[in-house]
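K.L.:
Please find start.cif (mmCIF, C-alpha atoms and all ligand atoms) on the next line:
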```
data_entry
loop_
_atom_site.label_atom_id
_atom_site.label_comp_id
_atom_site.auth_asym_id
_atom_site.auth_seq_id
_atom_site.Cartn_x
_atom_site.Cartn_y
_atom_site.Cartn_z
CA MET B 140 -38.40 -62.70 -134.57
CA ALA B 141 -41.57 -64.64 -135.24
CA ASP B 142 -44.06 -63.06 -137.59
CA THR B 143 -47.10 -62.87 -135.36
CA THR B 144 -49.16 -60.92 -137.88
CA ARG B 145 -49.50 -63.50 -140.63
CA GLU B 146 -53.15 -64.13 -139.77
CA HIS B 147 -54.12 -60.46 -139.98
CA ARG B 148 -55.64 -58.72 -142.96
CA PHE B 149 -53.55 -56.96 -145.60
CA GLY B 150 -54.17 -53.44 -144.26
CA THR B 151 -52.83 -54.48 -140.84
CA ARG B 152 -49.91 -56.50 -142.17
CA VAL B 153 -48.60 -53.59 -144.28
CA ILE B 154 -48.00 -51.74 -141.00
CA HIS B 155 -46.95 -54.51 -138.63
CA ALA B 156 -45.74 -57.62 -140.49
CA GLY B 157 -42.12 -58.45 -139.78
CA GLN B 158 -41.67 -55.66 -137.25
CA ALA B 159 -41.64 -55.71 -133.48
CA PRO B 160 -40.61 -52.98 -131.04
CA GLU B 161 -36.82 -52.84 -130.72
CA PRO B 162 -35.90 -54.88 -127.61
CA VAL B 163 -33.35 -52.53 -125.96
CA THR B 164 -35.43 -49.33 -125.87
CA GLY B 165 -38.85 -50.31 -127.16
CA ALA B 166 -38.45 -47.98 -130.17
CA ILE B 167 -41.65 -48.47 -132.15
CA MET B 168 -39.87 -47.93 -135.47
CA THR B 169 -37.37 -50.50 -136.71
CA PRO B 170 -33.92 -48.90 -136.21
CA ILE B 171 -31.64 -48.24 -139.16
CA PHE B 172 -28.72 -50.54 -138.35
CA GLN B 173 -26.12 -48.45 -140.15
CA THR B 174 -23.19 -50.76 -139.52
CA SER B 175 -20.94 -52.83 -141.77
CA THR B 176 -19.92 -55.37 -139.14
CA TYR B 177 -20.78 -56.82 -135.72
CA VAL B 178 -18.42 -57.48 -132.79
CA GLN B 179 -17.90 -61.14 -131.95
CA PRO B 180 -17.93 -61.87 -128.20
CA GLU B 181 -15.27 -64.55 -128.44
CA LEU B 182 -13.31 -66.35 -131.13
CA GLY B 183 -15.58 -68.73 -133.01
CA LYS B 184 -18.79 -67.23 -131.55
CA ASN B 185 -21.02 -64.53 -132.99
CA THR B 186 -24.41 -63.00 -132.31
CA GLY B 187 -25.90 -64.39 -135.51
CA TYR B 188 -24.77 -61.20 -137.24
CA GLU B 189 -21.30 -61.22 -138.79
CA TYR B 190 -21.10 -58.87 -141.78
CA ALA B 191 -23.68 -56.57 -143.36
CA ARG B 192 -23.58 -58.06 -146.86
CA VAL B 193 -24.95 -61.21 -145.28
CA GLN B 194 -27.10 -60.01 -142.37
CA ASN B 195 -28.71 -56.72 -141.41
CA PRO B 196 -31.70 -56.43 -139.02
CA THR B 197 -33.34 -53.49 -140.86
CA ARG B 198 -33.13 -55.40 -144.13
CA GLU B 199 -34.52 -58.54 -142.50
CA ALA B 200 -37.54 -56.65 -141.13
CA TRP B 201 -38.24 -55.29 -144.63
CA GLU B 202 -37.90 -58.77 -146.13
CA ARG B 203 -40.35 -60.27 -143.62
CA ASN B 204 -42.81 -57.45 -144.34
CA ALA B 205 -42.64 -57.92 -148.13
CA ALA B 206 -42.89 -61.71 -147.81
CA SER B 207 -46.07 -61.34 -145.78
CA LEU B 208 -47.68 -58.95 -148.28
CA GLU B 209 -46.93 -61.26 -151.23
CA SER B 210 -48.13 -64.38 -149.36
CA GLY B 211 -44.64 -65.84 -149.48
CA THR B 212 -42.33 -67.29 -146.84
CA ASP B 213 -39.13 -65.44 -147.69
CA GLY B 214 -38.19 -62.05 -149.08
CA ILE B 215 -34.70 -61.41 -150.40
CA ALA B 216 -33.99 -57.71 -150.89
CA PHE B 217 -31.67 -56.22 -153.54
CA SER B 218 -30.13 -52.90 -154.42
CA SER B 219 -32.47 -52.48 -157.43
CA GLY B 220 -35.28 -54.21 -159.25
CA LEU B 221 -32.90 -55.32 -161.99
CA ALA B 222 -30.54 -56.87 -159.42
CA ALA B 223 -33.49 -58.89 -158.07
CA ILE B 224 -34.47 -60.16 -161.52
CA GLU B 225 -30.82 -60.93 -162.30
CA ALA B 226 -30.47 -63.01 -159.13
CA ALA B 227 -33.48 -65.10 -160.11
CA VAL B 228 -31.88 -65.80 -163.52
CA LEU B 229 -28.59 -66.65 -161.78
CA THR B 230 -30.31 -69.69 -160.25
CA LEU B 231 -29.80 -71.08 -163.81
CA SER B 232 -26.58 -72.22 -165.47
CA ALA B 233 -25.00 -71.90 -168.90
CA GLY B 234 -26.98 -74.03 -171.35
CA HIS B 235 -30.32 -73.22 -169.75
CA HIS B 236 -33.15 -71.43 -171.51
CA VAL B 237 -35.61 -68.73 -170.40
CA VAL B 238 -38.99 -67.96 -171.97
CA THR B 239 -39.86 -64.32 -171.38
CA GLU B 240 -42.66 -61.90 -172.17
CA GLU B 241 -41.42 -59.54 -174.90
CA ASN B 242 -43.04 -56.43 -173.44
CA THR B 243 -41.15 -56.16 -170.17
CA TYR B 244 -39.51 -53.14 -168.62
CA GLY B 245 -36.84 -52.04 -171.14
CA GLY B 246 -33.95 -52.59 -168.75
CA THR B 247 -35.01 -56.20 -168.23
CA THR B 248 -34.91 -56.84 -171.97
CA ARG B 249 -31.48 -55.16 -172.18
CA MET B 250 -30.10 -57.27 -169.33
CA PHE B 251 -31.39 -60.50 -170.90
CA ASN B 252 -30.19 -59.63 -174.43
CA HIS B 253 -26.87 -57.96 -173.75
CA VAL B 254 -25.58 -59.26 -170.41
CA LEU B 255 -27.05 -62.59 -169.31
CA SER B 256 -27.14 -64.05 -172.84
CA ARG B 257 -23.33 -63.61 -172.92
CA LEU B 258 -23.11 -66.15 -170.08
CA GLY B 259 -24.64 -68.91 -172.19
CA ILE B 260 -28.24 -68.52 -171.01
CA GLU B 261 -30.69 -68.34 -173.92
CA PHE B 262 -33.82 -66.18 -174.02
CA THR B 263 -36.92 -66.54 -176.18
CA PHE B 264 -39.26 -63.54 -176.29
CA ILE B 265 -42.97 -64.26 -176.68
CA ASP B 266 -46.35 -62.56 -176.36
CA SER B 267 -47.69 -64.11 -173.16
CA ARG B 268 -51.22 -62.76 -173.65
CA ASP B 269 -51.58 -66.13 -175.33
CA PRO B 270 -50.26 -68.74 -172.86
CA GLU B 271 -49.97 -71.20 -175.75
CA GLN B 272 -47.03 -69.10 -176.97
CA ILE B 273 -45.28 -69.99 -173.70
CA ARG B 274 -45.99 -73.69 -174.25
CA ALA B 275 -44.72 -73.52 -177.84
CA ALA B 276 -41.46 -71.85 -176.72
CA MET B 277 -40.67 -74.38 -173.97
CA ARG B 278 -37.63 -76.60 -174.57
CA ASP B 279 -36.04 -79.45 -172.65
CA ASN B 280 -33.55 -76.99 -171.13
CA THR B 281 -36.12 -74.31 -170.20
CA ARG B 282 -35.79 -73.58 -166.48
CA LEU B 283 -37.53 -70.22 -166.12
CA VAL B 284 -40.55 -68.39 -167.50
CA HIS B 285 -40.57 -64.64 -166.86
CA LEU B 286 -43.75 -62.57 -167.02
CA GLU B 287 -44.77 -59.01 -166.41
CA THR B 288 -48.51 -58.55 -165.90
CA PRO B 289 -49.71 -55.86 -166.41
CA SER B 290 -46.76 -55.26 -168.71
CA ASN B 291 -44.77 -52.06 -169.05
CA PRO B 292 -45.99 -49.93 -170.86
CA LEU B 293 -48.71 -51.68 -172.91
CA MET B 294 -50.72 -53.11 -169.97
CA ARG B 295 -50.82 -56.54 -171.56
CA LEU B 296 -51.90 -59.28 -169.18
CA CYS B 297 -50.94 -62.90 -168.85
CA ASP B 298 -53.04 -65.55 -167.14
CA VAL B 299 -50.66 -66.35 -164.26
CA ALA B 300 -52.33 -69.63 -163.26
CA ALA B 301 -52.22 -70.91 -166.85
CA ALA B 302 -48.58 -69.85 -167.22
CA ALA B 303 -47.66 -71.57 -163.95
CA GLU B 304 -49.19 -74.81 -165.13
CA ILE B 305 -47.30 -74.68 -168.44
CA ALA B 306 -44.00 -73.74 -166.79
CA HIS B 307 -44.25 -76.47 -164.16
CA ALA B 308 -45.28 -79.13 -166.67
CA GLY B 309 -42.07 -78.29 -168.55
CA GLY B 310 -39.86 -78.43 -165.45
CA ALA B 311 -39.43 -74.64 -165.24
CA ARG B 312 -40.14 -72.07 -162.55
CA LEU B 313 -42.38 -69.06 -163.08
CA MET B 314 -41.30 -65.53 -162.17
CA VAL B 315 -43.79 -62.66 -162.23
CA ASP B 316 -42.67 -59.05 -162.09
CA ASN B 317 -45.49 -57.63 -159.95
CA THR B 318 -44.21 -54.04 -159.92
CA PHE B 319 -47.21 -52.53 -161.73
CA ALA B 320 -49.99 -54.33 -159.84
CA THR B 321 -48.46 -54.48 -156.32
CA PRO B 322 -49.56 -57.19 -153.87
CA TYR B 323 -52.54 -55.02 -152.91
CA ASN B 324 -54.05 -55.76 -156.34
CA GLN B 325 -52.49 -59.09 -157.36
CA ARG B 326 -50.58 -61.87 -155.59
CA PRO B 327 -48.86 -64.12 -158.13
CA LEU B 328 -47.62 -66.70 -155.58
CA GLU B 329 -51.28 -67.47 -154.77
CA LEU B 330 -51.82 -68.07 -158.51
CA GLY B 331 -48.94 -70.57 -158.76
CA ALA B 332 -45.85 -68.45 -159.47
CA ASP B 333 -42.53 -69.42 -157.87
CA PHE B 334 -40.89 -65.99 -157.69
CA VAL B 335 -42.41 -62.55 -157.40
CA ALA B 336 -40.07 -59.74 -158.39
CA HIS B 337 -40.50 -56.06 -157.59
CA SER B 338 -38.76 -52.88 -158.37
CA THR B 339 -39.41 -51.44 -154.91
CA THR B 340 -38.32 -48.14 -156.45
CA LYS B 341 -41.91 -47.90 -157.63
CA TYR B 342 -45.15 -48.50 -155.66
CA LEU B 343 -43.71 -50.36 -152.67
CA GLY B 344 -41.32 -47.53 -151.83
CA GLY B 345 -44.01 -45.25 -153.18
CA HIS B 346 -42.38 -41.83 -152.74
CA SER B 347 -39.75 -41.63 -155.51
CA ASP B 348 -36.97 -41.47 -152.93
CA VAL B 349 -35.36 -44.91 -152.98
CA LEU B 350 -34.02 -47.48 -155.45
CA GLY B 351 -34.50 -51.15 -154.60
CA GLY B 352 -35.72 -54.58 -155.56
CA ILE B 353 -37.02 -57.68 -153.86
CA LEU B 354 -37.75 -61.30 -154.69
CA VAL B 355 -40.43 -63.11 -152.70
CA VAL B 356 -40.69 -66.90 -152.79
CA ALA B 357 -42.60 -69.59 -150.93
CA ASP B 358 -39.95 -72.31 -151.06
CA GLU B 359 -37.24 -72.56 -148.43
CA SER B 360 -34.60 -74.17 -150.62
CA LEU B 361 -35.16 -71.65 -153.41
CA ALA B 362 -34.84 -68.84 -150.84
CA GLU B 363 -31.58 -70.36 -149.61
CA ASP B 364 -30.24 -70.53 -153.16
CA ILE B 365 -31.10 -66.88 -153.81
CA ARG B 366 -29.56 -65.75 -150.50
CA PHE B 367 -26.39 -67.65 -151.43
CA ILE B 368 -26.32 -65.91 -154.84
CA ARG B 369 -26.82 -62.51 -153.20
CA LYS B 370 -24.13 -63.17 -150.58
CA SER B 371 -21.74 -64.29 -153.31
CA THR B 372 -22.43 -61.50 -155.80
CA GLY B 373 -23.18 -58.60 -153.43
CA PRO B 374 -26.14 -56.49 -154.70
CA VAL B 375 -27.58 -55.69 -151.26
CA PRO B 376 -29.61 -52.60 -150.37
CA GLY B 377 -28.37 -50.37 -147.57
CA PRO B 378 -30.26 -50.21 -144.26
CA MET B 379 -31.59 -46.69 -144.90
CA ASP B 380 -33.10 -47.85 -148.20
CA CYS B 381 -34.72 -50.84 -146.49
CA TRP B 382 -36.11 -48.52 -143.83
CA LEU B 383 -37.61 -46.28 -146.54
CA CYS B 384 -39.31 -49.34 -148.06
CA LEU B 385 -40.68 -50.31 -144.63
CA ARG B 386 -42.02 -46.80 -144.22
CA GLY B 387 -43.42 -46.95 -147.77
CA THR B 388 -45.42 -50.15 -147.34
CA LYS B 389 -47.07 -48.85 -144.15
CA THR B 390 -49.30 -46.76 -146.42
CA LEU B 391 -49.46 -49.24 -149.31
CA GLU B 392 -53.13 -50.07 -148.82
CA VAL B 393 -54.32 -46.46 -148.54
CA ARG B 394 -52.08 -45.32 -151.37
CA MET B 395 -53.19 -48.11 -153.71
CA GLU B 396 -56.88 -47.46 -153.00
CA ARG B 397 -56.33 -43.91 -154.22
CA HIS B 398 -54.00 -44.89 -157.11
CA ASN B 399 -56.65 -47.39 -158.27
CA ALA B 400 -59.47 -44.83 -158.04
CA ASN B 401 -57.49 -42.06 -159.71
CA GLY B 402 -56.21 -44.44 -162.42
CA GLN B 403 -59.75 -45.50 -163.25
CA ARG B 404 -61.03 -41.91 -163.38
CA VAL B 405 -58.17 -40.71 -165.55
CA ALA B 406 -58.53 -43.71 -167.89
CA GLU B 407 -62.27 -43.10 -168.29
CA PHE B 408 -61.71 -39.38 -168.95
CA LEU B 409 -59.04 -40.10 -171.56
CA GLU B 410 -61.09 -42.81 -173.28
CA ALA B 411 -63.84 -40.26 -173.89
CA HIS B 412 -61.45 -37.55 -175.13
CA PRO B 413 -61.44 -36.90 -178.91
CA LYS B 414 -57.66 -36.22 -179.04
CA VAL B 415 -56.84 -39.61 -177.53
CA THR B 416 -56.69 -42.44 -180.07
CA ARG B 417 -56.43 -45.32 -177.61
CA VAL B 418 -56.23 -45.98 -173.86
CA HIS B 419 -54.52 -49.03 -172.36
CA TYR B 420 -55.88 -49.68 -168.85
CA PRO B 421 -56.97 -53.09 -167.55
CA GLY B 422 -59.80 -51.52 -165.53
CA LEU B 423 -61.63 -50.37 -168.67
CA PRO B 424 -64.23 -52.77 -170.09
CA SER B 425 -62.72 -51.93 -173.52
CA HIS B 426 -59.38 -53.51 -172.50
CA PRO B 427 -59.24 -56.74 -174.53
CA GLN B 428 -58.31 -58.71 -171.40
CA HIS B 429 -60.62 -56.99 -168.92
CA ALA B 430 -62.25 -60.29 -167.94
CA LEU B 431 -58.86 -61.81 -167.05
CA ALA B 432 -57.96 -58.59 -165.19
CA SER B 433 -61.04 -58.83 -163.03
CA SER B 434 -60.42 -62.49 -162.27
CA GLN B 435 -56.76 -62.30 -161.23
CA MET B 436 -56.56 -58.71 -159.95
CA SER B 437 -58.64 -56.94 -157.33
CA GLY B 438 -57.76 -53.45 -158.59
CA TYR B 439 -56.00 -51.97 -161.58
CA SER B 440 -53.36 -49.62 -160.22
CA GLY B 441 -52.42 -46.15 -161.42
CA MET B 442 -50.63 -46.98 -164.67
CA VAL B 443 -52.41 -45.79 -167.81
CA SER B 444 -50.92 -45.63 -171.32
CA ILE B 445 -52.43 -43.57 -174.12
CA GLU B 446 -51.88 -43.18 -177.83
CA LEU B 447 -52.16 -39.79 -179.49
CA GLU B 448 -52.36 -38.97 -183.19
CA SER B 449 -48.69 -38.03 -183.61
CA PRO B 450 -45.30 -37.62 -181.91
CA ALA B 451 -45.87 -33.85 -182.12
CA ALA B 452 -49.07 -34.20 -180.08
CA VAL B 453 -47.10 -36.24 -177.54
CA LYS B 454 -44.55 -33.44 -177.18
CA THR B 455 -47.30 -30.84 -176.72
CA VAL B 456 -49.06 -32.87 -174.04
CA VAL B 457 -46.08 -34.02 -171.94
CA GLU B 458 -44.52 -30.55 -172.01
CA GLY B 459 -47.86 -28.82 -171.43
CA MET B 460 -48.83 -30.53 -168.18
CA ASP B 461 -48.13 -28.89 -164.84
CA ILE B 462 -48.93 -31.69 -162.39
CA PHE B 463 -47.89 -34.74 -164.45
CA LEU B 464 -44.12 -34.25 -164.52
CA LEU B 465 -42.05 -35.72 -167.34
CA ALA B 466 -39.77 -38.32 -165.76
CA GLU B 467 -38.64 -41.92 -165.86
CA SER B 468 -39.98 -44.14 -163.07
CA LEU B 469 -43.50 -44.58 -161.71
CA GLY B 470 -45.47 -45.53 -158.65
CA GLY B 471 -44.77 -42.46 -156.56
CA VAL B 472 -47.45 -40.37 -154.87
CA GLU B 473 -46.89 -37.70 -157.52
CA SER B 474 -48.16 -38.06 -161.08
CA MET B 475 -45.62 -38.54 -163.86
CA SER B 476 -45.60 -38.83 -167.62
CA ASN B 477 -43.13 -40.76 -169.74
CA VAL B 478 -42.62 -41.41 -173.45
CA PRO B 479 -41.45 -45.05 -173.45
CA SER B 480 -39.97 -45.11 -176.97
CA LEU B 481 -37.59 -42.27 -176.09
CA MET B 482 -37.14 -42.93 -172.38
CA THR B 483 -37.73 -46.17 -170.43
CA HIS B 484 -37.85 -48.44 -173.49
CA ALA B 485 -35.23 -46.78 -175.72
CA SER B 486 -32.99 -49.83 -175.15
CA VAL B 487 -35.54 -52.24 -176.66
CA PRO B 488 -34.59 -52.96 -180.32
CA GLN B 489 -36.59 -50.60 -182.57
CA ASP B 490 -38.16 -53.31 -184.72
CA ARG B 491 -39.44 -55.20 -181.66
CA ARG B 492 -40.65 -51.96 -180.10
CA GLU B 493 -42.62 -50.99 -183.19
CA ALA B 494 -44.02 -54.48 -183.71
CA MET B 495 -45.43 -54.36 -180.17
CA GLY B 496 -46.90 -50.87 -180.52
CA ILE B 497 -44.42 -48.87 -178.43
CA THR B 498 -44.43 -46.00 -180.90
CA ASP B 499 -43.40 -42.36 -180.58
CA SER B 500 -47.13 -41.56 -180.17
CA LEU B 501 -47.44 -43.49 -176.89
CA ILE B 502 -47.43 -41.80 -173.46
CA ARG B 503 -47.28 -43.74 -170.21
CA LEU B 504 -48.88 -42.02 -167.23
CA SER B 505 -48.22 -42.89 -163.62
CA VAL B 506 -51.32 -41.49 -161.97
CA GLY B 507 -50.49 -40.27 -158.49
CA ILE B 508 -52.67 -39.67 -155.47
CA GLU B 509 -53.31 -35.95 -155.94
CA ASP B 510 -56.87 -34.62 -156.14
CA PRO B 511 -58.33 -36.35 -159.22
CA ASP B 512 -60.13 -33.18 -160.39
CA ASP B 513 -56.79 -31.38 -160.62
CA LEU B 514 -55.29 -34.30 -162.56
CA ILE B 515 -58.13 -34.27 -165.06
CA GLU B 516 -57.97 -30.50 -165.47
CA ASP B 517 -54.23 -30.78 -166.09
CA LEU B 518 -54.72 -33.44 -168.78
CA ALA B 519 -57.62 -31.50 -170.33
CA GLN B 520 -55.70 -28.26 -170.71
CA ALA B 521 -52.67 -30.06 -172.18
CA LEU B 522 -54.82 -32.02 -174.66
CA ASP B 523 -56.68 -28.84 -175.67
CA ALA B 524 -53.39 -27.44 -176.91
CA VAL B 525 -53.01 -30.26 -179.45
C1 LIG E 601 -38.41 -50.03 -162.92
C2 LIG E 601 -38.75 -51.41 -163.22
C3 LIG E 601 -37.79 -52.43 -163.13
C4 LIG E 601 -36.35 -52.15 -162.80
O1 LIG E 601 -36.21 -51.75 -161.48
P1 LIG E 601 -35.00 -50.82 -160.95
O2 LIG E 601 -35.35 -50.64 -159.52
O3 LIG E 601 -35.05 -49.56 -161.75
O4 LIG E 601 -33.75 -51.59 -161.19
C5 LIG E 601 -38.20 -53.72 -163.37
N1 LIG E 601 -39.48 -54.02 -163.70
C6 LIG E 601 -40.42 -53.06 -163.81
C7 LIG E 601 -41.81 -53.45 -164.19
C8 LIG E 601 -40.09 -51.74 -163.58
O5 LIG E 601 -41.03 -50.79 -163.72
#
```
Hey, can you dump this file as C-alpha cells for me?
Ligand SMILES: *Cc1c(COP(=O)(O)O)cnc(C)c1O
P.N.:
Amino acid sequence: MADTTREHRFGTRVIHAGQAPEPVTGAIMTPIFQTSTYVQPELGKNTGYEYARVQNPTREAWERNAASLESGTDGIAFSSGLAAIEAAVLTLSAGHHVVTEENTYGGTTRMFNHVLSRLGIEFTFIDSRDPEQIRAAMRDNTRLVHLETPSNPLMRLCDVAAAAEIAHAGGARLMVDNTFATPYNQRPLELGADFVAHSTTKYLGGHSDVLGGILVVADESLAEDIRFIRKSTGPVPGPMDCWLCLRGTKTLEVRMERHNANGQRVAEFLEAHPKVTRVHYPGLPSHPQHALASSQMSGYSGMVSIELESPAAVKTVVEGMDIFLLAESLGGVESMSNVPSLMTHASVPQDRREAMGITDSLIRLSVGIEDPDDLIEDLAQALDAV
C-alpha cells in the first residue's frame, strides 16, 4: 500500500500514515492478522505472504507509520528495544569496533559488554557530550557510533549533526536511540543519523501495555540487510503488539504536548525546591546543554532526573508518593519513579556508574499526563517528609 500521507503534518501522520481501510470490509482499524502462515494458491505461487516471521500486514502497517514519523523510508519492528539495537549491531562482523555513549540504558551497556563483545565486536565507551571524544575513539575498524540523546538517566545530550559528520568521515554509521525524545521532539535522521532506534515499550506505545522495539532507516540497502538479519534470527513482535503500537502513536502528538508541558512544570518546581540538590532536564536554562537542546529538539519530553541529599531521602520520596509509582520503564501516560542505581542501571559496572553520577541519591521521574497540579502536590508532600 502506498503511503499517501507523507506530505501531511506530523499530527495527521501519527493517525493515518501507513494505514488504509482494510480492503475486504472497509474496517477503519488495521486488523490484527493473528496468523502464523498463509495459504498458497498453487505450488510455487504465493500471495506475497508466506510465513509470519517474514511478513505480517499488521506489523507492516506499524512499520510504515513509524518510518513516516521518523522521516525515514523503512521501519523494521522487533520484539523489544534491545532486539532492535542488537540487530543494528549485527550488521557488523567480528573484528569490527563500535564507539558508544557510556550513559545509555543499562540493558544496552550489558548487551554490549557481556553478549556482543563475546562475538568479537569491540566497544569503546565515551562521553558524547563532547563530540571530540567520538573522533578520538574512532579506529580504522569502527563501523558504528551509538548515541542516546537525551541519555538515560542523566539527560546528557550529544550534538547529532556533529556526531554524524565524525562517524561518516570515519566510515561508520550513526545510530541514535531516540526513545526519550520521541520523533515529536527530535528526528535524528534529519540531523544525519543512519539508524533511529526505539524501545516502543516507552513513549511510542505510550500506555505501559506492550514491549517492542523498532529501527527506522532512510537507506533501502540498509533496510534490506536489517530485514535479512531479523528473518534469520527471529526477534519479531506479534501482531497484537504491533496493533498496540499503532494505537499508541495515534495519540503521540497530543500525549507528547502534555508530557512536555508537565515535564517542564515538574522540573521547574523541583529546581526551586530546597530538598532537591540538582535537576537534570534539558528544558531548564540551567541544563549545561540547554542551547543544544533548543537547537536540535522542539520539546523536552517528560523525563526528569533529580538528586537528593542522601539515599535515605530517596527512599522516603519514592515510597511516599501516591501518583508517581515506583517501577522500571517510562513513557506511559501514568507517572513513575525509578532509582536507576538499584533498578534500571544496576547492571552497569559500579565504578562507571559512580563516575558518571548515577548514585544512590538519584531518582528518575517519568512525568505522565495527569493533572500537573496533582503531580506537584504529590512531589511536594513526599519531599516534605524528608
Ligand atoms: C527501555 C529502553 C531500552 C530497551 O528497550 P526494551 O523494550 O526494554 O528492550 C533501550 N533504550 C532506552 C533508552 C530505553 O529506555
K.L.:
Could you check which of B:His412, B:Arg295, B:His285, B:Arg386 is closest to Leu447 of chain B, using only C-alpha atoms?
P.N.:
B:His412
K.L.:
Please identify the residues whose atoms come within 10 Å of ligand LIG 601 (chain E), using all atoms listed in the file, and report them as a PyMOL selection string.
P.N.:
chain B and resi 217-225+242-248+286-292+315-320+336-342+349-353+467-470+483
K.L.:
At what distance in Å, to one decimal, does atom CA of Trp201 of chain B lie from atom CA of Ser505 of chain B?
P.N.:
24.8 Å
K.L.:
In terms of the shortest atom-to-atom distance over all atoms listed in the file, which of B:Gly402, B:Gly214, B:Pro327, B:Pro427 is closest to Asp358 of chain B?
P.N.:
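Under the stated criterion, the closest residue is B:Gly214.
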K.L.:
Pick out the closest residue to Ser500 of chain B from this set: B:Ser476, B:Asn399, B:Ser434, B:Thr416. Count all atoms listed in the file.
P.N.:
B:Thr416
K.L.:
For Asp364 of chain B, which of B:Arg203, B:Glu261, B:Phe408, B:Leu229 is the closest residue, counting only C-alpha atoms?
P.N.:
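Smallest distance to Asp364 of chain B is found for B:Leu229.
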K.L.:
Tell me which protein, DNA and RNA residues are within 7 Å of Ile365 of chain B, counting only C-alpha atoms, leaving out same-chain ones fewer than 4 positions away, and put them as a CSV table (one decimal) with C-alpha atoms, in the coordinates of the input.
P.N.:
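Written out: selection_13.csv:
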```csv
chain,number,residue,atom,x,y,z
B,226,ALA,CA,-30.5,-63.0,-159.1
B,227,ALA,CA,-33.5,-65.1,-160.1
B,361,LEU,CA,-35.2,-71.6,-153.4
B,369,ARG,CA,-26.8,-62.5,-153.2
```
K.L.:
Smallest atom-to-atom distance to Gly310 of chain B: which of B:Glu209, B:His236, B:Met250, B:Glu271, using only C-alpha atoms?
P.N.:
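Closest residue, counting only C-alpha atoms: B:His236.
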